[in-house]
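Dumped run-v1.txt below, it's compact mmCIF, C-alpha atoms:
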```
# COMPACT_ATOMS: atom_id res chain seq x y z
CA MET H 382 83.41 153.18 117.02
CA THR H 383 82.71 151.42 113.75
CA ASP H 384 84.61 148.84 111.77
CA THR H 385 85.76 151.49 109.32
CA ASP H 386 87.40 153.50 112.09
CA PRO H 387 91.14 153.59 111.32
CA ARG H 388 91.87 153.11 115.02
CA HIS H 389 89.86 149.90 114.90
CA ASP H 390 91.95 148.59 112.00
CA ARG H 391 95.12 149.58 113.75
CA LEU H 392 94.06 147.77 116.88
CA LEU H 393 93.26 144.62 114.92
CA ARG H 394 96.74 144.78 113.43
CA LEU H 395 98.24 145.29 116.87
CA ASN H 396 96.50 142.18 118.12
CA ALA H 397 97.50 140.23 115.03
CA ALA H 398 101.12 141.29 115.57
CA LEU H 399 100.89 140.09 119.16
CA ASP H 400 99.56 136.75 117.90
CA ASP H 401 102.25 136.50 115.26
CA GLU H 402 99.58 136.47 112.56
CA LEU H 403 100.62 139.61 110.72
CA ASP H 404 102.22 139.30 107.32
CA ALA H 405 105.66 140.82 106.78
CA ALA H 406 104.52 143.95 104.95
CA HIS H 407 102.00 144.88 107.64
CA ARG H 408 104.47 144.10 110.38
CA ILE H 409 107.02 146.53 108.96
CA GLU H 410 104.35 149.18 108.60
CA LEU H 411 103.21 148.63 112.17
CA GLU H 412 106.75 148.78 113.51
CA ARG H 413 107.14 152.20 111.90
CA GLU H 414 103.92 153.36 113.47
CA LEU H 415 105.03 152.06 116.84
CA GLU H 416 108.26 154.02 116.60
CA ARG H 417 106.52 157.34 116.23
CA ASP H 418 103.44 156.75 118.37
CA PRO H 419 103.92 156.34 122.14
CA GLN H 420 100.23 155.72 122.69
CA LEU H 421 100.32 152.77 120.32
CA ARG H 422 103.34 151.41 122.16
CA ALA H 423 101.45 151.70 125.42
CA SER H 424 98.50 149.84 123.86
CA LEU H 425 100.80 147.03 122.79
CA ARG H 426 102.27 146.77 126.29
CA ARG H 427 98.80 146.70 127.77
CA LEU H 428 97.68 143.94 125.40
CA SER H 429 100.80 141.94 126.18
CA VAL H 430 100.07 142.15 129.88
CA VAL H 431 96.51 140.94 129.31
CA ARG H 432 97.69 138.12 127.13
CA GLU H 433 100.26 136.89 129.63
CA ALA H 434 97.72 137.15 132.45
CA VAL H 435 95.20 134.99 130.59
CA ARG H 436 97.83 132.44 129.66
CA ARG H 437 99.19 132.20 133.16
CA HIS H 438 96.02 132.34 135.22
CA GLY H 439 93.54 130.91 132.75
CA ALA H 440 95.25 127.57 132.27
CA THR H 441 93.27 124.73 133.78
CA GLU H 442 94.67 121.53 135.17
CA ALA H 443 94.94 118.50 132.89
CA ALA H 444 91.84 116.43 132.23
CA PRO H 445 91.06 114.08 135.15
CA ALA H 446 92.25 110.49 134.68
CA ALA H 447 88.68 109.19 134.74
CA LEU H 448 87.76 111.43 131.82
CA ARG H 449 90.92 110.47 129.96
CA ASN H 450 90.07 106.78 130.38
CA ALA H 451 86.45 107.26 129.39
CA VAL H 452 87.45 109.12 126.23
CA ALA H 453 89.94 106.40 125.29
CA ALA H 454 87.33 103.70 125.97
CA ILE H 455 84.80 105.33 123.64
CA GLY H 456 87.02 104.44 120.70
CA ARG H 457 87.26 100.77 121.60
CA PRO H 458 84.99 98.10 120.17
CA LYS H 459 81.57 98.05 121.82
CA ALA H 460 82.03 94.82 123.75
CA ASP H 461 84.82 96.34 125.80
CA TRP H 462 83.17 99.64 126.37
CA ARG H 463 83.64 101.05 129.89
CA ARG H 464 84.28 97.54 131.15
CA ALA H 465 87.65 97.20 129.52
CA PRO H 466 89.99 99.37 131.60
CA LEU H 467 89.47 97.46 134.82
CA PRO H 468 90.23 93.91 133.63
CA LEU H 469 93.19 95.20 131.65
CA ALA H 470 94.59 97.06 134.63
CA ALA H 471 93.99 94.04 136.82
CA ALA H 472 95.74 91.85 134.30
CA ILE H 473 98.76 94.10 134.28
CA ALA H 474 98.87 94.18 138.07
CA LEU H 475 98.59 90.42 138.20
CA GLY H 476 101.42 90.08 135.70
CA ILE H 477 103.65 92.28 137.81
CA VAL H 478 102.88 90.41 141.02
CA ILE H 479 103.58 87.05 139.46
CA GLY H 480 106.70 88.27 137.72
CA ALA H 481 108.02 89.68 140.94
CA ALA H 482 107.44 86.40 142.68
CA ALA H 483 109.51 84.70 139.95
CA GLN H 484 106.91 82.01 139.55
CA SER H 485 105.92 80.35 136.33
CA LEU H 486 104.41 82.98 134.12
CA PHE H 487 101.80 80.71 132.64
CA PHE H 488 98.75 79.00 134.01
CA ALA H 489 97.94 75.53 132.80
CA SER H 490 94.19 75.84 132.59
CA GLY H 491 91.92 77.62 130.13
CA ALA H 492 91.74 80.92 131.99
CA PRO H 493 93.67 83.72 130.29
CA ASP H 494 97.17 83.52 131.65
CA PRO H 495 98.92 86.66 132.84
CA VAL H 496 101.34 86.72 129.93
CA THR H 497 98.52 86.67 127.41
CA ALA H 498 96.53 89.22 129.36
CA SER H 499 99.59 91.41 129.66
CA LEU H 500 100.38 91.26 125.94
CA VAL H 501 96.79 92.06 125.02
CA ALA H 502 96.87 94.98 127.44
CA ASP H 503 100.12 96.10 125.85
CA PHE H 504 98.55 95.94 122.41
CA ALA H 505 95.49 97.91 123.52
CA ARG H 506 97.63 100.51 125.25
CA ALA H 507 99.96 100.90 122.27
CA GLY H 508 96.95 101.36 120.01
CA LEU H 509 95.77 104.23 122.19
CA SER H 510 99.04 106.05 122.39
CA GLU H 511 100.25 108.56 119.89
CA ARG H 512 103.29 106.37 119.26
CA PRO H 513 102.39 102.72 118.86
CA PHE H 514 106.05 101.81 118.68
CA ASP H 515 109.27 102.81 120.39
CA VAL H 516 111.15 102.70 117.11
CA ALA H 517 109.30 103.42 113.90
CA SER H 518 110.90 101.99 110.82
CA SER H 519 110.11 99.63 107.99
CA ASP H 520 113.79 98.67 107.87
CA ARG H 521 114.58 95.59 109.91
CA HIS H 522 118.21 96.68 110.07
CA THR H 523 117.02 99.69 112.06
CA VAL H 524 114.42 97.94 114.19
CA LYS H 525 116.57 94.99 115.14
CA PRO H 526 119.53 96.80 116.71
CA TRP H 527 117.13 98.91 118.71
CA LEU H 528 115.29 95.89 120.08
CA VAL H 529 118.50 94.02 120.76
CA ALA H 530 119.79 96.99 122.70
CA HIS H 531 116.66 97.17 124.85
CA ALA H 532 115.78 93.54 125.54
CA PRO H 533 118.11 90.73 126.52
CA LEU H 534 116.55 88.25 124.11
CA GLY H 535 117.63 87.78 120.53
CA VAL H 536 115.02 88.66 117.98
CA GLU H 537 113.94 87.10 114.72
CA ILE H 538 112.77 89.58 112.09
CA VAL H 539 111.46 88.56 108.69
CA ASP H 540 110.50 90.80 105.83
CA LEU H 541 106.84 90.21 104.95
CA ALA H 542 106.18 93.34 102.94
CA ASP H 543 105.59 91.39 99.75
CA LYS H 544 103.06 89.21 101.59
CA GLY H 545 101.07 92.30 102.55
CA TYR H 546 102.50 92.80 106.04
CA PRO H 547 105.04 95.65 105.95
CA LEU H 548 107.11 96.13 109.08
CA ALA H 549 106.07 99.34 110.85
CA GLY H 550 108.39 99.35 113.85
CA GLY H 551 109.22 97.75 117.15
CA ARG H 552 108.66 98.22 120.83
CA ILE H 553 109.35 96.53 124.13
CA ALA H 554 106.47 94.76 125.84
CA VAL H 555 107.02 94.23 129.54
CA VAL H 556 105.55 91.07 131.01
CA GLY H 557 105.99 90.89 134.74
CA ALA H 558 109.44 92.40 134.97
CA THR H 559 110.74 90.90 131.73
CA PRO H 560 111.26 93.13 128.69
CA LEU H 561 110.26 91.30 125.51
CA PRO H 562 111.04 92.45 121.96
CA THR H 563 107.89 93.11 119.99
CA LEU H 564 107.64 93.66 116.25
CA VAL H 565 104.82 95.71 114.84
CA TYR H 566 103.62 94.78 111.38
CA GLN H 567 100.95 96.58 109.48
CA ARG H 568 97.95 95.04 107.74
CA ARG H 569 95.88 97.64 105.90
CA GLU H 570 94.88 100.02 108.71
CA HIS H 571 95.56 97.53 111.49
CA TRP H 572 98.58 96.61 113.55
CA ILE H 573 99.87 93.15 114.34
CA ALA H 574 102.13 92.94 117.38
CA LEU H 575 104.45 89.96 117.44
CA THR H 576 106.18 89.40 120.76
CA GLU H 577 109.04 86.97 121.11
CA ALA H 578 109.69 85.31 124.46
CA PRO H 579 112.28 82.80 125.68
CA LEU H 580 110.89 79.28 125.96
CA SER H 581 111.77 79.24 129.63
CA LEU H 582 109.11 81.87 130.27
CA GLY H 583 106.45 79.86 128.53
CA ASP H 584 106.96 76.45 130.07
CA GLY H 585 106.59 75.07 126.56
CA ARG H 586 102.85 75.55 126.59
CA LEU H 587 102.70 78.58 124.36
CA GLU H 588 101.90 76.85 121.12
CA ALA H 589 98.77 75.29 122.52
CA LYS H 590 96.52 78.26 122.96
CA ASP H 591 95.20 80.51 120.24
CA GLY H 592 92.14 82.50 120.98
CA THR H 593 90.47 85.78 121.72
CA LEU H 594 90.72 88.10 124.69
CA HIS H 595 88.87 91.40 125.06
CA GLY H 596 88.11 91.35 121.35
CA PHE H 597 91.72 90.88 120.28
CA HIS H 598 92.92 87.72 118.56
CA LEU H 599 96.01 85.77 119.53
CA VAL H 600 98.06 83.20 117.71
CA ARG H 601 101.00 81.49 119.37
CA TRP H 602 103.70 79.15 118.30
CA ALA H 603 107.23 78.20 119.25
CA ASP H 604 110.38 77.01 117.60
CA ARG H 605 113.44 75.46 119.24
CA GLU H 606 114.68 78.78 120.58
CA ARG H 607 111.73 80.92 121.46
CA ALA H 608 108.01 81.34 121.76
CA TYR H 609 105.98 83.78 119.64
CA VAL H 610 102.71 85.51 120.46
CA ALA H 611 100.92 87.50 117.75
CA VAL H 612 98.17 89.88 118.90
CA SER H 613 95.95 91.92 116.61
CA ASP H 614 92.50 93.32 115.99
CA ILE H 615 92.38 91.84 112.47
CA ASP H 616 90.20 88.75 112.27
CA ALA H 617 91.37 85.36 113.43
CA ASP H 618 91.83 83.83 109.97
CA GLU H 619 93.93 86.72 108.78
CA LEU H 620 96.06 86.56 111.89
CA SER H 621 96.61 82.82 111.33
CA ALA H 622 97.66 83.59 107.76
CA PHE H 623 100.13 86.16 109.08
CA ALA H 624 101.54 83.62 111.53
CA ALA H 625 101.90 81.05 108.76
CA ALA H 626 103.69 83.57 106.54
CA PHE H 627 106.04 84.53 109.36
CA ARG H 628 106.86 80.90 110.20
CA ALA H 629 107.42 80.00 106.57
CA ALA H 630 109.74 82.96 106.02
CA ALA H 631 111.63 82.33 109.26
CA GLY H 632 111.91 78.61 108.51
CA ALA H 633 113.22 79.31 105.03
CA GLY H 634 116.08 81.24 106.50
CA GLY H 635 114.60 84.55 105.49
CA GLY H 636 114.93 85.79 109.01
CA GLU H 637 117.77 87.35 110.85
CA THR H 638 118.64 86.21 114.30
CA ARG H 639 121.15 87.73 116.59
CA MET Z 510 77.84 100.21 113.91
CA ILE Z 511 81.16 102.01 113.97
CA SER Z 512 83.79 100.79 111.53
CA ASP Z 513 87.35 99.90 112.54
CA ALA Z 514 88.62 102.70 110.32
CA ALA Z 515 86.54 105.25 112.23
CA ARG Z 516 87.81 103.89 115.55
CA ARG Z 517 91.36 104.13 114.36
CA ARG Z 518 90.88 107.72 113.24
CA TYR Z 519 89.20 108.46 116.55
CA GLN Z 520 92.16 107.12 118.52
CA ALA Z 521 94.51 109.28 116.49
CA ILE Z 522 92.43 112.45 116.76
CA VAL Z 523 90.47 112.58 120.00
CA PRO Z 524 92.46 111.21 123.00
CA PRO Z 525 95.55 113.35 122.26
CA HIS Z 526 93.41 116.49 122.60
CA VAL Z 527 91.48 115.64 125.72
CA ASP Z 528 93.32 118.25 127.82
CA ASP Z 529 92.52 121.00 125.33
CA ALA Z 530 88.92 119.83 125.14
CA TYR Z 531 88.62 119.82 128.91
CA ALA Z 532 90.11 123.31 129.25
CA LEU Z 533 87.74 124.71 126.63
CA ALA Z 534 84.71 122.98 128.15
CA ARG Z 535 85.63 124.30 131.59
CA TRP Z 536 85.84 127.85 130.36
CA LEU Z 537 82.64 127.58 128.37
CA SER Z 538 80.63 125.89 131.10
CA GLY Z 539 82.38 127.35 134.12
CA ASP Z 540 82.15 124.05 135.96
CA PRO Z 541 84.60 121.10 136.16
CA ALA Z 542 81.95 118.39 136.45
CA ASP Z 543 79.92 119.81 133.57
CA ALA Z 544 83.11 120.02 131.53
CA GLU Z 545 83.69 116.27 131.97
CA ASP Z 546 80.18 115.50 130.77
CA ILE Z 547 80.57 117.82 127.80
CA VAL Z 548 83.89 116.29 126.73
CA GLN Z 549 82.48 112.76 126.95
CA ASP Z 550 79.46 113.76 124.88
CA ALA Z 551 81.72 115.47 122.38
CA ALA Z 552 83.94 112.37 122.12
CA LEU Z 553 80.91 110.24 121.27
CA ARG Z 554 79.80 112.74 118.66
CA ALA Z 555 83.32 112.77 117.23
CA LEU Z 556 83.39 108.98 116.93
CA ASN Z 557 80.11 108.99 115.01
CA ALA Z 558 81.21 111.87 112.80
CA LEU Z 559 84.48 110.12 111.94
CA GLU Z 560 82.58 107.54 109.93
CA THR Z 561 82.39 110.13 107.16
CA ALA Z 562 84.27 113.27 108.20
CA ASN Z 563 87.39 114.36 106.39
CA VAL Z 564 89.59 115.95 109.03
CA GLU Z 565 92.38 118.30 108.06
CA ARG Z 566 93.08 120.05 111.35
CA PRO Z 567 92.30 117.50 114.07
CA ARG Z 568 92.53 119.80 117.06
CA ALA Z 569 90.35 122.54 115.58
CA TRP Z 570 87.94 119.90 114.33
CA PHE Z 571 87.52 118.25 117.73
CA LEU Z 572 87.36 121.55 119.60
CA ARG Z 573 84.56 122.66 117.29
CA ILE Z 574 82.62 119.58 118.36
CA VAL Z 575 83.40 120.30 122.01
CA ARG Z 576 82.22 123.86 121.58
CA ASN Z 577 78.99 122.88 119.84
CA THR Z 578 78.36 120.18 122.42
CA ALA Z 579 78.84 122.78 125.16
CA LEU Z 580 76.31 125.07 123.48
CA THR Z 581 73.73 122.32 123.24
CA TRP Z 582 74.47 121.10 126.72
CA MET Z 583 74.07 124.50 128.29
CA ALA Z 584 70.96 125.36 126.32
CA LYS Z 585 69.45 122.19 127.76
CA ASN Z 586 70.76 122.38 131.31
CA ARG Z 587 71.16 126.06 131.97
CA SER Z 588 68.51 127.75 129.92
CA LYS Z 589 67.93 130.28 132.68
CA SER Z 590 71.39 131.38 133.54
CA LEU Z 591 73.13 131.65 130.21
CA ALA Z 592 72.42 132.80 126.73
CA PHE Z 593 75.57 131.45 125.25
CA ALA Z 594 75.33 132.00 121.56
CA GLY Z 595 76.35 135.58 121.98
CA SER Z 596 73.50 137.88 121.24
CA ALA Z 597 73.97 141.14 119.40
CA ASP Z 598 73.52 142.89 122.74
CA ASP Z 599 76.67 141.33 124.13
CA LEU Z 600 78.71 142.57 121.27
CA ALA Z 601 77.11 146.01 121.23
CA ALA Z 602 78.13 146.43 124.85
CA ILE Z 603 81.68 145.69 123.88
CA GLU Z 604 81.58 148.16 121.03
CA ALA Z 605 81.41 150.78 123.71
CA VAL Z 606 84.81 149.80 125.03
CA ASP Z 607 87.33 152.31 123.88
CA PHE Z 608 90.04 150.28 122.24
CA ALA Z 609 92.75 152.85 122.59
CA ALA Z 610 92.02 153.75 126.17
CA ASP Z 611 94.27 156.29 127.77
CA GLU Z 612 97.30 154.80 129.39
CA GLU Z 613 97.54 157.02 132.38
CA SER Z 614 98.36 154.23 134.83
CA PRO Z 615 100.09 151.20 133.31
CA GLU Z 616 101.02 149.91 136.75
CA ALA Z 617 97.36 149.37 137.65
CA ILE Z 618 96.93 146.68 135.05
CA LEU Z 619 100.30 145.13 135.89
CA ILE Z 620 99.27 144.74 139.51
CA ALA Z 621 95.83 143.41 138.62
CA ALA Z 622 97.34 140.92 136.18
CA GLU Z 623 99.28 139.34 139.05
CA ASP Z 624 96.05 138.46 140.82
CA GLY Z 625 95.04 135.09 139.35
CA GLU Z 626 91.61 135.03 140.93
CA ARG Z 627 90.82 138.44 139.55
CA VAL Z 628 92.01 137.56 136.05
CA ARG Z 629 89.87 134.42 136.06
CA ARG Z 630 86.82 136.34 137.29
CA ALA Z 631 87.27 138.91 134.55
CA LEU Z 632 87.67 136.24 131.88
CA ALA Z 633 84.57 134.42 133.12
CA ALA Z 634 82.63 137.69 132.98
CA LEU Z 635 83.38 138.31 129.31
CA PRO Z 636 80.55 137.77 126.82
CA PRO Z 637 80.82 134.13 125.68
CA PRO Z 638 81.88 134.82 122.06
CA LEU Z 639 84.80 136.94 123.25
CA ARG Z 640 85.69 134.50 126.01
CA GLU Z 641 85.75 131.48 123.72
CA ALA Z 642 87.95 133.28 121.18
CA LEU Z 643 90.41 134.23 123.91
CA VAL Z 644 90.45 130.76 125.45
CA LEU Z 645 91.00 129.10 122.07
CA ARG Z 646 93.83 131.53 121.38
CA GLU Z 647 95.61 131.79 124.74
CA ILE Z 648 94.80 128.56 126.54
CA ASN Z 649 94.46 126.17 123.59
CA GLY Z 650 97.03 128.02 121.50
CA LEU Z 651 95.07 127.87 118.24
CA ALA Z 652 96.01 129.96 115.19
CA TYR Z 653 93.44 132.36 113.78
CA ARG Z 654 92.29 130.03 111.04
CA GLU Z 655 91.88 127.20 113.53
CA ILE Z 656 89.81 129.44 115.79
CA ALA Z 657 87.73 130.36 112.76
CA GLU Z 658 87.15 126.66 112.07
CA ALA Z 659 86.42 125.78 115.70
CA THR Z 660 83.86 128.58 116.09
CA GLU Z 661 82.53 128.45 112.52
CA THR Z 662 83.21 132.15 112.22
CA PRO Z 663 85.03 134.20 109.56
CA ILE Z 664 88.63 135.11 110.39
CA GLY Z 665 87.79 138.82 110.41
CA THR Z 666 85.25 138.21 113.15
CA VAL Z 667 87.78 136.14 115.10
CA MET Z 668 90.26 139.02 114.94
CA SER Z 669 87.65 141.49 116.02
CA ARG Z 670 86.55 139.31 118.94
CA LEU Z 671 90.11 138.82 120.15
CA ALA Z 672 90.75 142.56 120.01
CA ARG Z 673 87.52 143.31 121.84
CA GLY Z 674 88.07 140.58 124.36
CA ARG Z 675 91.51 141.83 125.26
CA ALA Z 676 90.38 145.44 125.40
CA ALA Z 677 87.48 144.51 127.65
CA LEU Z 678 89.71 142.43 129.92
CA ALA Z 679 92.22 145.26 130.18
CA LYS Z 680 89.46 147.64 131.13
CA MET Z 681 88.02 145.31 133.74
CA LEU Z 682 91.42 144.76 135.30
CA GLU Z 683 92.13 148.48 135.40
CA ASP Z 684 88.72 149.49 136.69
CA ASN Z 685 88.19 147.19 139.65
CA ARG Z 686 91.03 148.38 141.73
```
For the file at hand, write its structure as structure tokens.
Amino acid sequence: MTDTDPRHDRLLRLNAALDDELDAAHRIELERELERDPQLRASLRRLSVVREAVRRHGATEAAPAALRNAVAAIGRPKADWRRAPLPLAAAIALGIVIGAAAQSLFFASGAPDPVTASLVADFARAGLSERPFDVASSDRHTVKPWLVAHAPLGVEIVDLADKGYPLAGGRIAVVGATPLPTLVYQRREHWIALTEAPLSLGDGRLEAKDGTLHGFHLVRWADRERAYVAVSDIDADELSAFAAAFRAAAGAGGGETR
Amino acid sequence: MISDAARRRYQAIVPPHVDDAYALARWLSGDPADAEDIVQDAALRALNALETANVERPRAWFLRIVRNTALTWMAKNRSKSLAFAGSADDLAAIEAVDFAADEESPEAILIAAEDGERVRRALAALPPPLREALVLREINGLAYREIAEATETPIGTVMSRLARGRAALAKMLEDNR
């Protein structure tokens, strides 16, 4: 059989029809041929059986979790390579244990406290997922009701688009067992996650500690009502500038609080 | 040094397709542990390539890297057992398959198609170029033009390989009763 054999062409078209890759004109032509040719109909049935068999029996199980983690880790900054998943997982576990015990969520000393670790883990995880937010919108009137409906805490949202930080969406970060509203702002190709927490969770110590954990920068501050933690992979100075812009806008009454 | 922009593109393109990559690598290598190594290698290659690559069809793009990584990997580790690239001999053998085989016993293939182990053996026994086209189409669900991109092959060749692959599978399932 050669490629110029008409049966060869017809078989290619039969396969293309099966794969839904045949254009309309050829499909109509093929349907006519099928009507008058029982052997062609039998060929189509036979191909369908083969196709279903391969689909059903050829499917493999999902990639093992270890592979999935390794592939995700390859995209992270070098310092965290391969080492990162374990501390992050441990941090999350620690956060849950402490939350469940209803103890203070913050440590006094310089070690990364569970809340910080948990928020950094949340940021890293969100960056890996296909959907870095639960609600994607640049409109604070869309983001805010969603957050309010999903977390018990009121949320302050300010519009910083003209400062170079457009709002991209919102999600809920869970620290221990507490859902916390988190705003996601965009800076060039980076995200900034701003989580708001009630002061009672922070023991009033939130504003004291800026810093870096696993390559991510953190800036924290508090006002009379709540504590704020900004996490991002932009550099520390830029994140401080973002925090300053947010505080200025919120202080000027540019924000909306429930 | 990998830029942040490349990492960001990587996170958007590679992790979402790890299941597809793993399935393809398993069918190309025939071994789950080898498939894990191949996918990890491919992910590293993808990260480096994303510094400059312009990616239009992410899944086809990454699967092409997985496929090429598998070829390299097997040439290095299995030089004896497998000539993957698909020599002319492989394809000539398939030419001999009569596409429009007589349909005297349709129930034979129906019964054989129920036997998962037998279907998998037959698929594994196909010449690699036919097997990869079928896996990309049926398991990964790629369109013809994506298969063409992933295998760096013209669409006409993709169509021909799919037709031959299915015909050969049908024949194997019917023959080994």
Given a cut-off of 6 Å, which residues of chain Z touch chain H, counting all atoms listed in the file, written out as a short mmCIF file (atom, residue, chain, number, x, y, z; two decimals) with C-alpha atoms, in the frame of the given file?
```
data_model
loop_
_atom_site.label_atom_id
_atom_site.label_comp_id
_atom_site.auth_asym_id
_atom_site.auth_seq_id
_atom_site.Cartn_x
_atom_site.Cartn_y
_atom_site.Cartn_z
CA ARG Z 516 87.81 103.89 115.55
CA GLN Z 520 92.16 107.12 118.52
CA PRO Z 524 92.46 111.21 123.00
CA ASP Z 528 93.32 118.25 127.82
CA TYR Z 531 88.62 119.82 128.91
CA ALA Z 532 90.11 123.31 129.25
CA ALA Z 622 97.34 140.92 136.18
CA GLY Z 625 95.04 135.09 139.35
CA GLU Z 647 95.61 131.79 124.74
CA ILE Z 648 94.80 128.56 126.54
#
```
Spatial sel., origin (83.9, 116.3, 129.6), limit 9 Å, all atoms listed in the file, listed as an mmCIF file with C-alpha atoms, in the coordinates of the input:
```cif
data_model
loop_
_atom_site.group_PDB
_atom_site.id
_atom_site.type_symbol
_atom_site.label_atom_id
_atom_site.label_comp_id
_atom_site.auth_asym_id
_atom_site.auth_seq_id
_atom_site.Cartn_x
_atom_site.Cartn_y
_atom_site.Cartn_z
ATOM 1 C CA ALA H 444 91.840 116.430 132.230
ATOM 2 C CA LEU H 448 87.760 111.430 131.820
ATOM 3 C CA VAL H 452 87.450 109.120 126.230
ATOM 4 C CA VAL Z 527 91.480 115.640 125.720
ATOM 5 C CA ALA Z 530 88.920 119.830 125.140
ATOM 6 C CA TYR Z 531 88.620 119.820 128.910
ATOM 7 C CA ALA Z 534 84.710 122.980 128.150
ATOM 8 C CA ARG Z 535 85.630 124.300 131.590
ATOM 9 C CA PRO Z 541 84.600 121.100 136.160
ATOM 10 C CA ALA Z 542 81.950 118.390 136.450
ATOM 11 C CA ASP Z 543 79.920 119.810 133.570
ATOM 12 C CA ALA Z 544 83.110 120.020 131.530
ATOM 13 C CA GLU Z 545 83.690 116.270 131.970
ATOM 14 C CA ASP Z 546 80.180 115.500 130.770
ATOM 15 C CA ILE Z 547 80.570 117.820 127.800
ATOM 16 C CA VAL Z 548 83.890 116.290 126.730
ATOM 17 C CA GLN Z 549 82.480 112.760 126.950
ATOM 18 C CA ASP Z 550 79.460 113.760 124.880
ATOM 19 C CA ALA Z 551 81.720 115.470 122.380
ATOM 20 C CA ALA Z 552 83.940 112.370 122.120
ATOM 21 C CA VAL Z 575 83.400 120.300 122.010
#
```
Check your understanding: What is the distance between CA of Tyr566 in chain H and CA of Phe504 in chain H, in Å to one decimal?
Key ->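 CA of Phe504 in chain H lies at a distance of 12.2 Å from CA of Tyr566 in chain H.
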Check your understanding: Of the candidates H:Gly596, H:Pro547, H:Pro495, H:Gly535, which shows the shortest atom-to-atom distance to Phe623 in chain H, using only C-alpha atoms?
Key -> H:Pro547
Selection near Leu632 in chain Z, 9 Å with only C-alpha atoms, sequence-local residues under 6 positions removed, as a PDB file with C-alpha atoms, in the coordinates of the input:
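Result file out-v8.pdb:
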```pdb
ATOM      1  CA  VAL H 435      95.200 134.990 130.590  1.00  0.00           C
ATOM      2  CA  GLY H 439      93.540 130.910 132.750  1.00  0.00           C
TER       3      GLY H 439
ATOM      4  CA  TRP Z 536      85.840 127.850 130.360  1.00  0.00           C
ATOM      5  CA  ARG Z 640      85.690 134.500 126.010  1.00  0.00           C
ATOM      6  CA  LEU Z 643      90.410 134.230 123.910  1.00  0.00           C
ATOM      7  CA  VAL Z 644      90.450 130.760 125.450  1.00  0.00           C
ATOM      8  CA  GLY Z 674      88.070 140.580 124.360  1.00  0.00           C
ATOM      9  CA  LEU Z 678      89.710 142.430 129.920  1.00  0.00           C
TER      10      LEU Z 678
END
```
Exercise for review: Could you tell me which of Z:Ala633, Z:Val628, Z:Met668, Z:Leu682 comes closest to Asp540 in chain Z if we count all atoms listed in the file?
Suggested key: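 Between Z:Ala633, Z:Val628, Z:Met668, Z:Leu682, the residue approaching Asp540 in chain Z most closely is Z:Ala633.
Between CA of Leu620 in chain H and CA of Val536 in chain H the separation is 20.0 Å.
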Point to revise | Spatial neighbours of Phe514 in chain H, max dist 8 Å, all atoms listed in the file, sep filter under 2 positions, as a ChimeraX atom specification | key: /H:507,512,516-517,550-552,565
Next, write the just-selected residues to a file, as a PDB file, in the frame of the given file, keeping C-alpha atoms as the atom set.
```
ATOM      1  CA  ALA H 507      99.960 100.900 122.270  1.00  0.00           C
ATOM      2  CA  ARG H 512     103.290 106.370 119.260  1.00  0.00           C
ATOM      3  CA  VAL H 516     111.150 102.700 117.110  1.00  0.00           C
ATOM      4  CA  ALA H 517     109.300 103.420 113.900  1.00  0.00           C
ATOM      5  CA  GLY H 550     108.390  99.350 113.850  1.00  0.00           C
ATOM      6  CA  GLY H 551     109.220  97.750 117.150  1.00  0.00           C
ATOM      7  CA  ARG H 552     108.660  98.220 120.830  1.00  0.00           C
ATOM      8  CA  VAL H 565     104.820  95.710 114.840  1.00  0.00           C
TER       9      VAL H 565
END
```
**Study point:** Surrounding residues of Ala574 in chain H excluding itself and chain neighbours under 6 positions, 6 Å, all atoms listed in the file, as a PyMOL selection string
**Key:** chain H and resi 564-565+611-612
Check your understanding: Could you state the separation of CA of Ala515 in chain Z and CA of Ala562 in chain Z in Å, given to one decimal place?
Key -> 9.3 Å
**Study point:** Top pick for closest residue to Trp527 in chain H, considering H:Ala624, H:Thr563, H:Ala578, H:Ala446 and counting all atoms listed in the file
**Key:**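 Result for the nearest residue to Trp527 in chain H: H:Thr563.
Shortest separation to Phe627 in chain H among H:Leu541, H:Thr576, H:Arg607, H:Pro562 occurs at residue H:Leu541, atoms counted being all atoms listed in the file.
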Practice item. Please tell me which residues are no farther than 8 Å from (91.1, 132.3, 115.0) in the file, counting all atoms listed in the file, and write them as a VMD selection string. Key: chain Z and resid 642 645 to 646 651 to 658 664 667 to 668
Using the structure just given, write a file holding N, CA and C atoms for range 516-521 of chain H, as a short mmCIF file (atom, residue, chain, number, x, y, z; two decimals), in the first residue's frame.
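part.cif, freshly written:
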```cif
data_model
loop_
_atom_site.label_atom_id
_atom_site.label_comp_id
_atom_site.auth_asym_id
_atom_site.auth_seq_id
_atom_site.Cartn_x
_atom_site.Cartn_y
_atom_site.Cartn_z
N VAL H 516 -11.20 34.51 44.63
CA VAL H 516 -12.05 35.38 43.82
C VAL H 516 -11.11 36.31 43.06
N ALA H 517 -11.22 36.28 41.75
CA ALA H 517 -10.34 37.09 40.91
C ALA H 517 -11.10 38.30 40.42
N SER H 518 -10.67 39.46 40.85
CA SER H 518 -11.33 40.67 40.40
C SER H 518 -10.48 41.87 40.78
N SER H 519 -10.48 42.88 39.93
CA SER H 519 -9.78 44.10 40.27
C SER H 519 -10.75 45.09 40.93
N ASP H 520 -11.99 44.66 41.11
CA ASP H 520 -13.02 45.54 41.66
C ASP H 520 -13.22 45.22 43.13
N ARG H 521 -12.89 46.19 43.97
CA ARG H 521 -12.98 45.91 45.41
C ARG H 521 -14.42 45.66 45.84
#
```
